[in-house]
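Novice: Sharing query.csv here; it has CSV, C-alpha atoms.
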```csv
chain,number,residue,atom,x,y,z
Q,1448,MET,CA,6.4,22.7,-7.2
Q,1449,SER,CA,4.4,24.6,-9.6
Q,1450,GLU,CA,2.9,27.9,-8.3
Q,1451,SER,CA,-0.7,26.6,-9.0
Q,1452,THR,CA,-0.4,23.8,-6.5
Q,1453,ALA,CA,1.6,25.2,-3.7
Q,1454,PRO,CA,-0.6,27.1,-1.3
Q,1455,ALA,CA,0.8,30.0,0.7
Q,1456,THR,CA,1.4,29.4,4.3
Q,1457,GLY,CA,-1.9,29.5,6.2
Q,1458,SER,CA,-4.0,29.8,3.0
Q,1459,PRO,CA,-6.6,27.2,2.0
Q,1460,PRO,CA,-5.7,24.8,-0.7
Q,1461,SER,CA,-6.6,25.8,-4.3
Q,1462,ARG,CA,-9.4,24.4,-6.2
Q,1463,ARG,CA,-6.9,22.6,-8.4
Q,1464,LEU,CA,-5.3,21.0,-5.4
Q,1465,ARG,CA,-8.6,19.9,-3.9
Q,1466,THR,CA,-9.6,18.4,-7.3
Q,1467,ALA,CA,-6.4,16.5,-7.4
Q,1468,ARG,CA,-6.9,15.1,-3.9
Q,1469,ALA,CA,-10.4,13.9,-4.8
Q,1470,ALA,CA,-9.1,12.3,-8.0
Q,1471,THR,CA,-6.3,10.5,-6.0
Q,1472,PHE,CA,-8.9,9.3,-3.5
Q,1473,VAL,CA,-10.8,7.7,-6.4
Q,1474,ALA,CA,-7.6,6.1,-7.7
Q,1475,PHE,CA,-7.0,4.4,-4.3
Q,1476,ALA,CA,-10.6,3.3,-4.0
Q,1477,LEU,CA,-10.5,1.9,-7.5
Q,1478,ASN,CA,-7.4,-0.1,-6.8
Q,1479,GLY,CA,-8.9,-1.5,-3.6
Q,1480,PHE,CA,-12.1,-2.3,-5.5
Q,1481,VAL,CA,-10.5,-4.0,-8.5
Q,1482,MET,CA,-8.2,-6.2,-6.4
Q,1483,GLY,CA,-11.0,-6.9,-3.9
Q,1484,MET,CA,-13.2,-8.2,-6.7
Q,1485,TRP,CA,-10.4,-10.6,-7.7
Q,1486,ILE,CA,-10.0,-11.8,-4.1
Q,1487,VAL,CA,-13.7,-12.5,-3.5
Q,1488,HIS,CA,-13.8,-14.6,-6.7
Q,1489,ILE,CA,-10.7,-16.7,-5.8
Q,1490,PRO,CA,-12.7,-19.7,-4.6
Q,1491,ALA,CA,-14.9,-19.7,-7.7
Q,1492,ILE,CA,-11.9,-19.3,-10.0
Q,1493,GLU,CA,-10.0,-22.1,-8.1
Q,1494,HIS,CA,-13.0,-24.4,-8.7
Q,1495,GLN,CA,-13.3,-23.3,-12.4
Q,1496,VAL,CA,-9.6,-24.0,-13.1
Q,1497,GLY,CA,-9.7,-27.3,-11.0
Q,1498,ILE,CA,-6.7,-26.7,-8.8
Q,1499,THR,CA,-5.9,-27.3,-5.1
Q,1500,HIS,CA,-5.2,-24.7,-2.4
Q,1501,ALA,CA,-1.5,-25.7,-2.6
Q,1502,VAL,CA,-1.3,-25.0,-6.4
Q,1503,LEU,CA,-3.2,-21.7,-5.9
Q,1504,GLY,CA,-0.6,-20.7,-3.3
Q,1505,TRP,CA,2.2,-21.2,-5.9
Q,1506,LEU,CA,0.3,-19.4,-8.6
Q,1507,LEU,CA,-0.2,-16.4,-6.3
Q,1508,LEU,CA,3.5,-15.8,-6.5
Q,1509,PHE,CA,3.0,-14.8,-10.2
Q,1510,LEU,CA,0.6,-12.1,-8.9
Q,1511,GLY,CA,3.3,-10.8,-6.5
Q,1512,GLY,CA,6.1,-11.1,-9.0
Q,1513,GLY,CA,4.1,-9.1,-11.6
Q,1514,ALA,CA,3.3,-6.4,-9.0
Q,1515,PHE,CA,6.9,-6.1,-8.0
Q,1516,ALA,CA,8.0,-5.7,-11.6
Q,1517,GLY,CA,5.3,-3.2,-12.3
Q,1518,MET,CA,6.4,-1.1,-9.4
Q,1519,GLN,CA,10.0,-1.0,-10.4
Q,1520,VAL,CA,9.2,-0.2,-14.1
Q,1521,CYS,CA,6.6,2.5,-13.4
Q,1522,GLY,CA,8.5,4.2,-10.5
Q,1523,ALA,CA,11.1,5.5,-13.0
Q,1524,LEU,CA,8.4,6.2,-15.6
Q,1525,ALA,CA,6.5,8.3,-13.1
Q,1526,ASP,CA,9.5,10.5,-12.5
Q,1527,ARG,CA,10.1,10.9,-16.3
Q,1528,PHE,CA,6.5,11.4,-17.5
Q,1529,GLY,CA,4.6,12.4,-14.4
Q,1530,SER,CA,2.6,10.2,-12.0
Q,1531,ARG,CA,-0.6,11.4,-13.6
Q,1532,ASN,CA,0.2,9.8,-16.9
Q,1533,ILE,CA,1.3,6.5,-15.3
Q,1534,VAL,CA,-1.9,6.4,-13.2
Q,1535,LEU,CA,-3.8,6.6,-16.5
Q,1536,ALA,CA,-1.8,3.6,-17.9
Q,1537,GLY,CA,-1.7,1.7,-14.6
Q,1538,GLY,CA,-5.4,2.2,-13.8
Q,1539,ALA,CA,-6.5,1.2,-17.2
Q,1540,LEU,CA,-4.2,-1.9,-17.3
Q,1541,CYS,CA,-5.1,-3.1,-13.8
Q,1542,SER,CA,-8.8,-2.7,-14.5
Q,1543,ALA,CA,-8.6,-4.4,-17.9
Q,1544,MET,CA,-6.4,-7.3,-16.7
Q,1545,VAL,CA,-8.8,-8.3,-13.8
Q,1546,VAL,CA,-11.0,-10.1,-16.3
Q,1547,LEU,CA,-8.3,-12.5,-17.3
Q,1548,PRO,CA,-8.4,-14.8,-14.2
Q,1549,GLY,CA,-12.1,-15.2,-14.8
Q,1550,LEU,CA,-11.4,-16.5,-18.3
Q,1551,ALA,CA,-8.6,-18.9,-17.2
Q,1552,ASP,CA,-9.2,-22.6,-17.8
Q,1553,SER,CA,-5.9,-24.1,-16.7
Q,1554,PRO,CA,-3.1,-23.5,-14.2
Q,1555,TRP,CA,-0.9,-22.0,-17.0
Q,1556,THR,CA,-3.5,-19.6,-18.2
Q,1557,LEU,CA,-4.2,-18.6,-14.7
Q,1558,ALA,CA,-0.5,-18.0,-14.0
Q,1559,ALA,CA,-0.3,-15.7,-17.0
Q,1560,ALA,CA,-3.5,-13.9,-16.0
Q,1561,LEU,CA,-2.2,-13.3,-12.5
Q,1562,LEU,CA,1.2,-12.1,-13.8
Q,1563,ALA,CA,-0.6,-9.5,-16.0
Q,1564,LEU,CA,-3.0,-8.5,-13.3
Q,1565,GLY,CA,-0.1,-8.1,-10.8
Q,1566,PHE,CA,1.9,-6.0,-13.2
Q,1567,GLY,CA,-1.1,-3.6,-13.7
Q,1568,ASN,CA,-1.6,-3.5,-9.9
Q,1569,GLY,CA,2.0,-2.6,-9.4
Q,1570,CYS,CA,1.9,0.2,-12.0
Q,1571,LEU,CA,-1.2,1.7,-10.4
Q,1572,ASP,CA,0.1,1.2,-6.8
Q,1573,VAL,CA,3.3,3.1,-7.2
Q,1574,SER,CA,2.0,5.8,-9.5
Q,1575,MET,CA,-1.0,6.7,-7.3
Q,1576,ASN,CA,1.2,6.8,-4.2
Q,1577,THR,CA,3.6,9.1,-6.1
Q,1578,GLN,CA,0.7,11.3,-7.0
Q,1579,ALA,CA,-0.4,11.2,-3.3
Q,1580,VAL,CA,3.0,12.4,-2.2
Q,1581,GLN,CA,2.8,15.3,-4.7
Q,1582,VAL,CA,-0.7,16.2,-3.4
Q,1583,GLU,CA,0.5,16.1,0.2
Q,1584,ARG,CA,3.4,18.4,-0.6
Q,1585,GLY,CA,0.9,20.9,-2.1
Q,1586,TYR,CA,-1.3,20.7,1.0
Q,1587,GLY,CA,1.6,21.3,3.3
Q,1588,ARG,CA,0.1,19.0,5.9
Q,1589,PRO,CA,-0.4,15.2,6.3
Q,1590,VAL,CA,-3.0,13.7,4.0
Q,1591,MET,CA,-1.4,10.4,3.0
Q,1592,SER,CA,-3.0,8.0,5.5
Q,1593,ALA,CA,-6.5,8.9,4.4
Q,1594,PHE,CA,-5.7,7.7,0.9
Q,1595,HIS,CA,-4.7,4.3,2.2
Q,1596,ALA,CA,-7.9,4.2,4.3
Q,1597,VAL,CA,-9.9,4.7,1.1
Q,1598,PHE,CA,-8.1,1.8,-0.5
Q,1599,SER,CA,-9.5,-0.4,2.3
Q,1600,VAL,CA,-13.0,1.1,1.7
Q,1601,GLY,CA,-12.7,0.1,-2.0
Q,1602,GLY,CA,-12.1,-3.5,-0.8
Q,1603,VAL,CA,-15.1,-3.4,1.5
Q,1604,ILE,CA,-17.3,-2.3,-1.5
Q,1605,ALA,CA,-15.9,-5.1,-3.6
Q,1606,SER,CA,-16.7,-7.7,-0.9
Q,1607,LEU,CA,-20.3,-6.5,-0.8
Q,1608,ILE,CA,-20.8,-6.3,-4.5
Q,1609,GLY,CA,-19.0,-9.6,-5.0
Q,1610,ALA,CA,-21.1,-11.4,-2.4
Q,1611,ARG,CA,-24.3,-10.2,-4.2
Q,1612,THR,CA,-23.2,-11.2,-7.7
Q,1613,LEU,CA,-22.0,-14.6,-6.4
Q,1614,SER,CA,-25.4,-15.1,-4.8
Q,1615,TRP,CA,-27.0,-14.5,-8.2
Q,1616,ASP,CA,-24.7,-17.2,-9.6
Q,1617,TRP,CA,-23.0,-14.8,-12.0
Q,1618,ARG,CA,-20.0,-16.3,-13.7
Q,1619,PRO,CA,-16.7,-14.8,-12.6
Q,1620,SER,CA,-15.9,-13.9,-16.2
Q,1621,ALA,CA,-19.1,-11.8,-16.5
Q,1622,THR,CA,-18.7,-10.0,-13.2
Q,1623,LEU,CA,-15.0,-9.3,-13.8
Q,1624,ALA,CA,-15.6,-8.1,-17.3
Q,1625,ALA,CA,-18.1,-5.6,-15.9
Q,1626,VAL,CA,-15.5,-4.5,-13.3
Q,1627,ALA,CA,-12.9,-4.1,-16.1
Q,1628,VAL,CA,-15.1,-1.8,-18.2
Q,1629,THR,CA,-16.1,0.2,-15.2
Q,1630,GLY,CA,-12.6,0.6,-14.0
Q,1631,VAL,CA,-11.2,1.7,-17.3
Q,1632,LEU,CA,-14.0,4.3,-17.7
Q,1633,ILE,CA,-13.4,5.6,-14.1
Q,1634,THR,CA,-9.6,5.8,-14.8
Q,1635,PHE,CA,-10.1,8.0,-17.9
Q,1636,ALA,CA,-12.5,10.2,-15.9
Q,1637,LEU,CA,-10.3,10.8,-12.9
Q,1638,VAL,CA,-6.9,11.3,-14.4
Q,1639,PRO,CA,-7.5,14.8,-15.8
Q,1640,GLY,CA,-8.1,16.1,-12.3
Q,1641,MET,CA,-4.7,15.0,-11.1
Q,1642,LEU,CA,-1.6,17.2,-10.8
Q,1643,PRO,CA,0.8,17.5,-13.7
Q,1644,PRO,CA,4.5,16.7,-13.3
Q,1645,GLU,CA,6.3,18.9,-10.9
Q,1646,ARG,CA,8.9,21.3,-12.3
Q,1647,LEU,CA,11.5,22.4,-9.9
Q,1648,SER,CA,12.7,25.9,-10.3
Q,1649,ALA,CA,16.4,26.8,-10.6
Q,1650,ALA,CA,16.3,28.0,-7.0
Q,1651,THR,CA,15.2,24.5,-5.8
Q,1652,THR,CA,17.9,22.7,-7.8
Q,1653,ASP,CA,21.4,22.0,-6.6
Q,1654,PRO,CA,23.7,24.0,-8.9
Q,1655,ARG,CA,26.1,21.1,-9.0
Q,1656,GLN,CA,23.3,19.0,-10.5
Q,1657,THR,CA,22.2,21.5,-13.1
Q,1658,ALA,CA,25.8,21.8,-14.2
Q,1659,ALA,CA,26.1,18.1,-14.8
Q,1660,THR,CA,26.0,16.9,-18.4
Q,1661,PRO,CA,23.0,15.0,-19.7
Q,1662,SER,CA,25.2,11.9,-19.9
Q,1663,ALA,CA,26.2,12.1,-16.3
Q,1664,PRO,CA,25.2,9.0,-14.3
Q,1665,ARG,CA,22.1,9.4,-12.1
Q,1666,ARG,CA,22.7,9.5,-8.4
Q,1667,ARG,CA,22.2,6.3,-6.5
Q,1668,THR,CA,19.2,5.6,-4.4
Q,1669,PRO,CA,19.8,7.2,-1.0
Q,1670,SER,CA,20.5,4.8,1.9
Q,1671,GLN,CA,17.6,6.3,3.8
Q,1672,VAL,CA,15.2,5.0,1.1
Q,1673,TRP,CA,16.6,1.5,1.5
Q,1674,ALA,CA,16.2,1.8,5.2
Q,1675,LEU,CA,12.6,2.9,4.8
Q,1676,GLY,CA,12.1,-0.1,2.5
Q,1677,VAL,CA,13.4,-2.5,5.0
Q,1678,LEU,CA,11.1,-1.1,7.7
Q,1679,ALA,CA,8.2,-1.3,5.2
Q,1680,LEU,CA,9.1,-4.9,4.5
Q,1681,MET,CA,9.0,-5.8,8.2
Q,1682,LEU,CA,5.7,-4.1,8.9
Q,1683,MET,CA,3.9,-5.2,5.8
Q,1684,LEU,CA,5.0,-8.8,6.7
Q,1685,CYS,CA,3.2,-8.3,9.9
Q,1686,GLU,CA,0.1,-7.1,8.0
Q,1687,GLY,CA,0.3,-10.2,5.8
Q,1688,VAL,CA,0.5,-12.4,8.9
Q,1689,ALA,CA,-2.8,-10.9,10.2
Q,1690,ASN,CA,-4.5,-11.3,6.8
Q,1691,ASP,CA,-3.7,-15.0,6.5
Q,1692,TRP,CA,-3.3,-16.4,10.0
Q,1693,SER,CA,-5.5,-14.4,12.4
Q,1694,VAL,CA,-8.6,-16.5,11.7
Q,1695,LEU,CA,-6.7,-19.8,11.9
Q,1696,HIS,CA,-5.2,-18.7,15.2
Q,1697,LEU,CA,-8.6,-18.4,16.9
Q,1698,LYS,CA,-10.0,-21.5,15.2
Q,1699,ASP,CA,-7.0,-23.9,15.6
Q,1700,VAL,CA,-5.3,-22.6,18.8
Q,1701,LEU,CA,-8.3,-21.4,20.8
Q,1702,ASP,CA,-10.9,-23.7,19.3
Q,1703,ALA,CA,-13.2,-20.8,18.6
Q,1704,PRO,CA,-16.3,-21.3,16.4
Q,1705,ALA,CA,-15.8,-20.4,12.7
Q,1706,ALA,CA,-18.1,-17.3,13.1
Q,1707,THR,CA,-16.1,-16.1,16.1
Q,1708,ALA,CA,-12.8,-16.8,14.4
Q,1709,ALA,CA,-13.7,-14.7,11.4
Q,1710,LEU,CA,-14.0,-11.7,13.7
Q,1711,ALA,CA,-10.3,-11.7,14.2
Q,1712,TYR,CA,-9.6,-10.5,10.7
Q,1713,GLY,CA,-12.7,-8.3,10.8
Q,1714,GLY,CA,-11.4,-6.6,13.9
Q,1715,PHE,CA,-8.0,-6.1,12.4
Q,1716,ALA,CA,-9.2,-4.8,9.1
Q,1717,THR,CA,-11.7,-2.4,10.6
Q,1718,ALA,CA,-9.1,-1.1,13.0
Q,1719,MET,CA,-6.7,-0.6,10.1
Q,1720,THR,CA,-9.3,1.4,8.1
Q,1721,VAL,CA,-10.5,3.6,11.0
Q,1722,GLY,CA,-6.9,4.2,12.2
Q,1723,ARG,CA,-5.8,5.5,8.8
Q,1724,PHE,CA,-8.6,8.0,8.7
Q,1725,VAL,CA,-7.4,9.3,12.1
Q,1726,THR,CA,-3.6,9.1,11.5
Q,1727,ASP,CA,-3.2,12.3,9.4
Q,1728,ARG,CA,-4.4,14.4,12.4
Q,1729,VAL,CA,-2.0,12.6,14.7
Q,1730,VAL,CA,0.9,13.1,12.3
Q,1731,GLY,CA,0.0,16.8,12.0
Q,1732,ARG,CA,0.2,17.2,15.7
Q,1733,PHE,CA,3.0,14.9,16.8
Q,1734,GLY,CA,4.9,14.0,13.7
Q,1735,ARG,CA,5.7,10.9,11.6
Q,1736,VAL,CA,8.4,9.5,13.9
Q,1737,PHE,CA,5.9,9.6,16.8
Q,1738,VAL,CA,3.3,7.7,14.8
Q,1739,VAL,CA,5.6,4.9,13.7
Q,1740,ARG,CA,7.5,4.6,17.0
Q,1741,TYR,CA,4.4,4.3,19.2
Q,1742,GLY,CA,2.2,2.7,16.6
Q,1743,ALA,CA,4.7,-0.1,16.0
Q,1744,ALA,CA,5.1,-0.5,19.8
Q,1745,PHE,CA,1.3,-0.6,20.2
Q,1746,ALA,CA,1.1,-3.2,17.5
Q,1747,ALA,CA,3.7,-5.3,19.2
Q,1748,LEU,CA,1.7,-5.1,22.5
Q,1749,GLY,CA,-1.5,-6.1,20.7
Q,1750,LEU,CA,0.0,-9.1,18.9
Q,1751,THR,CA,1.7,-10.3,22.1
Q,1752,THR,CA,-1.7,-10.1,23.8
Q,1753,ALA,CA,-3.4,-12.1,21.0
Q,1754,SER,CA,-0.5,-14.7,21.0
Q,1755,LEU,CA,-0.6,-15.4,24.8
Q,1756,SER,CA,-4.3,-15.1,25.4
Q,1757,PRO,CA,-6.1,-18.3,26.4
Q,1758,TRP,CA,-9.5,-16.7,25.7
Q,1759,ALA,CA,-11.0,-15.8,22.4
Q,1760,PRO,CA,-12.4,-12.4,23.4
Q,1761,LEU,CA,-9.0,-11.2,24.6
Q,1762,ALA,CA,-7.4,-12.6,21.5
Q,1763,LEU,CA,-9.9,-10.6,19.4
Q,1764,LEU,CA,-9.0,-7.5,21.3
Q,1765,GLY,CA,-5.3,-8.2,20.7
Q,1766,TRP,CA,-5.8,-8.5,16.9
Q,1767,THR,CA,-7.8,-5.3,16.9
Q,1768,LEU,CA,-5.1,-3.4,18.8
Q,1769,PHE,CA,-2.5,-4.9,16.4
Q,1770,GLY,CA,-4.5,-3.3,13.5
Q,1771,ILE,CA,-4.7,0.1,15.3
Q,1772,GLY,CA,-1.0,0.1,15.9
Q,1773,LEU,CA,0.0,-0.8,12.3
Q,1774,SER,CA,-2.6,1.4,10.6
Q,1775,GLY,CA,-0.7,4.6,10.4
Q,1776,CYS,CA,2.8,3.3,9.8
Q,1777,ILE,CA,3.1,2.2,6.2
Q,1778,PRO,CA,1.8,5.5,4.7
Q,1779,GLN,CA,4.6,7.4,6.6
Q,1780,PHE,CA,7.2,5.4,4.8
Q,1781,PHE,CA,5.8,6.3,1.4
Q,1782,THR,CA,5.7,9.9,2.2
Q,1783,ALA,CA,9.2,10.0,3.6
Q,1784,ALA,CA,10.6,8.1,0.6
Q,1785,GLY,CA,8.8,10.4,-1.8
Q,1786,ASN,CA,10.3,13.5,-0.1
Q,1787,VAL,CA,13.9,12.3,0.1
Q,1788,ASP,CA,14.4,13.7,-3.4
Q,1789,PRO,CA,11.4,15.3,-5.1
Q,1790,GLU,CA,13.0,14.7,-8.5
Q,1791,SER,CA,13.0,10.9,-7.9
Q,1792,SER,CA,9.8,10.5,-5.9
Q,1793,GLY,CA,8.5,7.8,-8.2
Q,1794,ALA,CA,11.6,5.7,-8.1
Q,1795,ASN,CA,12.1,6.0,-4.4
Q,1796,VAL,CA,8.4,5.2,-3.7
Q,1797,SER,CA,8.8,2.1,-5.9
Q,1798,ARG,CA,11.7,0.9,-3.9
Q,1799,VAL,CA,9.8,1.1,-0.6
Q,1800,ALA,CA,6.6,-0.2,-2.1
Q,1801,GLY,CA,8.4,-3.1,-3.8
Q,1802,LEU,CA,10.2,-4.2,-0.6
Q,1803,GLY,CA,7.0,-3.8,1.4
Q,1804,TYR,CA,5.1,-6.0,-1.1
Q,1805,ILE,CA,7.8,-8.7,-0.7
Q,1806,GLY,CA,7.1,-8.6,3.0
Q,1807,MET,CA,3.4,-8.9,2.5
Q,1808,LEU,CA,4.0,-12.1,0.5
Q,1809,ALA,CA,6.7,-13.4,2.7
Q,1810,GLY,CA,4.7,-13.3,5.9
Q,1811,PRO,CA,2.4,-16.3,5.2
Q,1812,ALA,CA,5.3,-18.2,3.6
Q,1813,ILE,CA,7.5,-17.8,6.7
Q,1814,ILE,CA,4.9,-18.5,9.3
Q,1815,GLY,CA,3.8,-21.8,7.7
Q,1816,PRO,CA,7.1,-23.6,8.0
Q,1817,LEU,CA,7.6,-22.3,11.5
Q,1818,THR,CA,4.4,-24.0,12.6
Q,1819,HIS,CA,6.3,-27.3,12.1
Q,1820,LEU,CA,8.7,-26.2,14.9
Q,1821,VAL,CA,6.5,-24.3,17.4
Q,1822,PRO,CA,2.8,-23.8,17.9
Q,1823,LEU,CA,1.1,-21.2,15.7
Q,1824,ASN,CA,0.7,-18.6,18.4
Q,1825,PHE,CA,4.4,-18.7,19.2
Q,1826,THR,CA,5.4,-18.0,15.6
Q,1827,PHE,CA,3.7,-14.6,16.0
Q,1828,PHE,CA,6.7,-13.5,18.1
Q,1829,LEU,CA,8.6,-13.0,14.9
Q,1830,PRO,CA,6.3,-10.2,13.7
Q,1831,VAL,CA,6.3,-8.9,17.3
Q,1832,ALA,CA,10.1,-8.6,17.0
Q,1833,PHE,CA,9.8,-6.8,13.7
Q,1834,CYS,CA,7.3,-4.3,15.3
Q,1835,ALA,CA,9.7,-3.7,18.1
Q,1836,ALA,CA,12.6,-3.1,15.6
Q,1837,ALA,CA,10.5,-0.6,13.7
Q,1838,ALA,CA,9.6,1.2,16.9
Q,1839,VAL,CA,13.3,1.5,17.8
Q,1840,SER,CA,14.3,2.6,14.2
Q,1841,ALA,CA,11.5,5.1,13.6
Q,1842,GLY,CA,14.0,8.0,13.7
Q,1843,ILE,CA,14.9,7.1,10.1
Q,1844,LEU,CA,11.8,9.0,9.0
Q,1845,ARG,CA,13.4,12.3,10.0
Q,1846,PRO,CA,14.4,14.4,6.9
Q,1847,SER,CA,18.0,14.3,6.1
Q,1848,ARG,CA,19.8,17.5,7.3
Q,1849,ARG,CA,22.4,17.4,4.6
Q,1850,LYS,CA,20.2,19.7,2.5
Q,1851,PRO,CA,16.5,20.5,2.6
Q,1852,THR,CA,14.2,18.7,0.2
Q,1853,ARG,CA,12.3,22.0,-0.3
Q,1854,PRO,CA,14.5,25.1,0.1
Q,1855,GLU,CA,13.1,28.2,1.7
Q,1856,PRO,CA,11.4,30.4,-1.0
Q,1857,ALA,CA,13.8,33.2,-1.8
Q,1858,ARG,CA,14.3,35.5,-4.6
Q,1859,ALA,CA,17.4,34.8,-6.7
Q,1860,GLU,CA,19.7,37.8,-6.8
Q,1861,ALA,CA,19.9,39.6,-10.0
```
Using structure tokens, write down the structure from this file.
Specialist:
Amino acid sequence: MSESTAPATGSPPSRRLRTARAATFVAFALNGFVMGMWIVHIPAIEHQVGITHAVLGWLLLFLGGGAFAGMQVCGALADRFGSRNIVLAGGALCSAMVVLPGLADSPWTLAAALLALGFGNGCLDVSMNTQAVQVERGYGRPVMSAFHAVFSVGGVIASLIGARTLSWDWRPSATLAAVAVTGVLITFALVPGMLPPERLSAATTDPRQTAATPSAPRRRTPSQVWALGVLALMLMLCEGVANDWSVLHLKDVLDAPAATAALAYGGFATAMTVGRFVTDRVVGRFGRVFVVRYGAAFAALGLTTASLSPWAPLALLGWTLFGIGLSGCIPQFFTAAGNVDPESSGANVSRVAGLGYIGMLAGPAIIGPLTHLVPLNFTFFLPVAFCAAAAVSAGILRPSRRKPTRPEPARAEA
């Protein structure tokens, strides 16, 4: 790590580091805002294009496929050119592409628009998380979860602004064009405040690696990263289930009024946001393994309560507890992956983020067919099992003891 960004033990973070943290907060909020503006305009765009819910569901796969591709491409680019530069490209691309769905007039043009938007979202997602890992290393204490909380805040702001513009009968193309211009301008303003690429000193580099020739093959992705990715897939699948099925659970299974049913997702989303603002302090005191182990177990308890409850109020409590439990888990996987090998932070974060995104998309797709076999509330025992598995496997977050990711600072002998 460069000397300008690594604070001495016990000393406050430098102004440069505080500026980088603020800029990364803005990047997360921008990502949540841009994608939130697309989400609130989905019904209007669906009507504009003239497609059914079923067709829209298939088209959303283009959004997910584009995001996965963007993550894999930009993870390696972030390691090569620095996450700051890729945030610039990803933020501008994601912001600019959000206007395309508003201009779509057929299923094919909407598919292309979603593919482009997804690619930009994937680029921004993995690069801003890689920058967040670098900022957290500079701080020397947990700060990752707060970034993810601010992402949720960006979505809330989008829902409020989107609701207002829709009430004014603004066309989606006009609103999203304004969002695109605003997002590009914000991106160009925030990026200069971010941290430049890390340059590891000779003391932090394995001599066997420095002796390797430039043509030597790059080392494989560590097995620990793939294990973290699998856990991220399982828990983000659980998050996707809450996003898409919590409201239907209360409405269809418990016959709750529509207004009451909507509170299921509201309670879950609020708990996720608040929980992430608190998680960094918990991690600082008890560690990442503690947060994932007991958070996932708590999530399993909450979803079990919601699944078995015959009363809507108890089910609402269960969904809220589910959100509290999940809230701090995913950020820990990104941090752990980014610190397995600081020289490959971007690539490793992209693996975990990509697998997690697959889980987010797979959740609704898996639960739907299962409802043909068992009642909806019983299908939730699949994500309960995933939460339990994550709780048992939380020890994978411990740093590898083969060699430290950040050696003790020591003067090289002359």
Novice: Measuring atom to atom with only C-alpha atoms, identify which of Q:Cys1834, Q:Leu1678, Q:Ala1627, Q:Met1518 is nearest to Q:Gly1549.
Specialist: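 Checking each candidate against Q:Gly1549, we get Q:Ala1627 as the closest.
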Novice: Between Q:Ala1523, Q:Ala1753, Q:Ala1476, Q:Val1600, which is the closest to Q:Ala1689 once you count all atoms listed in the file?
Specialist: Q:Ala1753
Novice: In Å, with one decimal, what is the gap from atom CA of Q:Leu1540 to atom CA of Q:Phe1475?
Specialist: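 Atom-to-atom, atom CA of Q:Leu1540 to atom CA of Q:Phe1475, that is 14.7 Å.
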Novice: Take atom CA of Q:Ala1800 and atom CA of Q:Asp1526 and report the distance between them in Å, one decimal.
Specialist: 15.2 Å
Novice: I want to know what sits within 8 Å of Q:Val1580, based on all atoms listed in the file, with residues of the same chain fewer than 5 positions away left out; could you give that as a VMD selection string?
Specialist: chain Q and resid 1591 1781 to 1782 1785 to 1786 1792
Novice: For the residues in that selection, give me C-alpha atoms as a CSV table (one decimal), in the frame of the given file.
Specialist:
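So the final result, stored in result-v4.csv, reads:
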```csv
chain,number,residue,atom,x,y,z
Q,1591,MET,CA,-1.4,10.4,3.0
Q,1781,PHE,CA,5.8,6.3,1.4
Q,1782,THR,CA,5.7,9.9,2.2
Q,1785,GLY,CA,8.8,10.4,-1.8
Q,1786,ASN,CA,10.3,13.5,-0.1
Q,1792,SER,CA,9.8,10.5,-5.9
```
Novice: Given all atoms listed in the file as the basis, pick out the residue of Q:Pro1757, Q:Gly1565, Q:Gly1676, Q:Gly1801 nearest to Q:Leu1701.
Specialist: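 Closest to Q:Leu1701, using all atoms listed in the file: Q:Pro1757.
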Novice: Rounded to one decimal in Å, what is the spacing between atom CA of Q:Ile1533 and atom CA of Q:Gly1513?
Specialist: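 Between these atoms lies a distance of 16.3 Å.
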Novice: Near stretch 1571-1575 of chain Q, within 9 Å and counting only C-alpha atoms, which residues show up once chain neighbours fewer than 3 positions away are dropped, as a VMD selection string?
Specialist: chain Q and resid 1471 1474 to 1475 1478 1514 1517 to 1519 1521 to 1522 1524 to 1525 1529 to 1541 1566 to 1568 1578 to 1580 1793 to 1794 1796 to 1797 1800 to 1801
Novice: Can you tell me which residues surround stretch 1603-1614 of chain Q at a distance of at most 8 Å, considering all atoms listed in the file, apart from same-chain residues fewer than 6 positions away, and format the answer as a list of chain:residue names?
Specialist: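 Once the adjacent positions are removed, what remains is Q:Gly1479, Q:Phe1480, Q:Val1481, Q:Gly1483, Q:Met1484, Q:Val1487, Q:His1488, Q:Thr1622.
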Novice: Calculated over only C-alpha atoms, which of the candidates Q:Tyr1804, Q:Phe1827, Q:Phe1733, Q:Phe1635 has the smallest distance to Q:Thr1752?
Specialist: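 Of the candidates, the smallest distance to Q:Thr1752 is held by Q:Phe1827.
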Novice: For a quick check of understanding, using all atoms listed in the file, which of Q:Tyr1712, Q:Pro1459, Q:Leu1755, Q:Thr1634 has the smallest distance to Q:Gly1687?
Specialist: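 Looking at the shortest contact to Q:Gly1687, the residue is Q:Tyr1712.
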Novice: When distances are computed from all atoms listed in the file, which of Q:Ala1558, Q:Leu1710, Q:Val1582, Q:Val1638 shows the smallest separation from Q:Leu1764?
Specialist: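 Checking each of Q:Ala1558, Q:Leu1710, Q:Val1582, Q:Val1638 against Q:Leu1764, counting all atoms listed in the file, the winner is Q:Leu1710.
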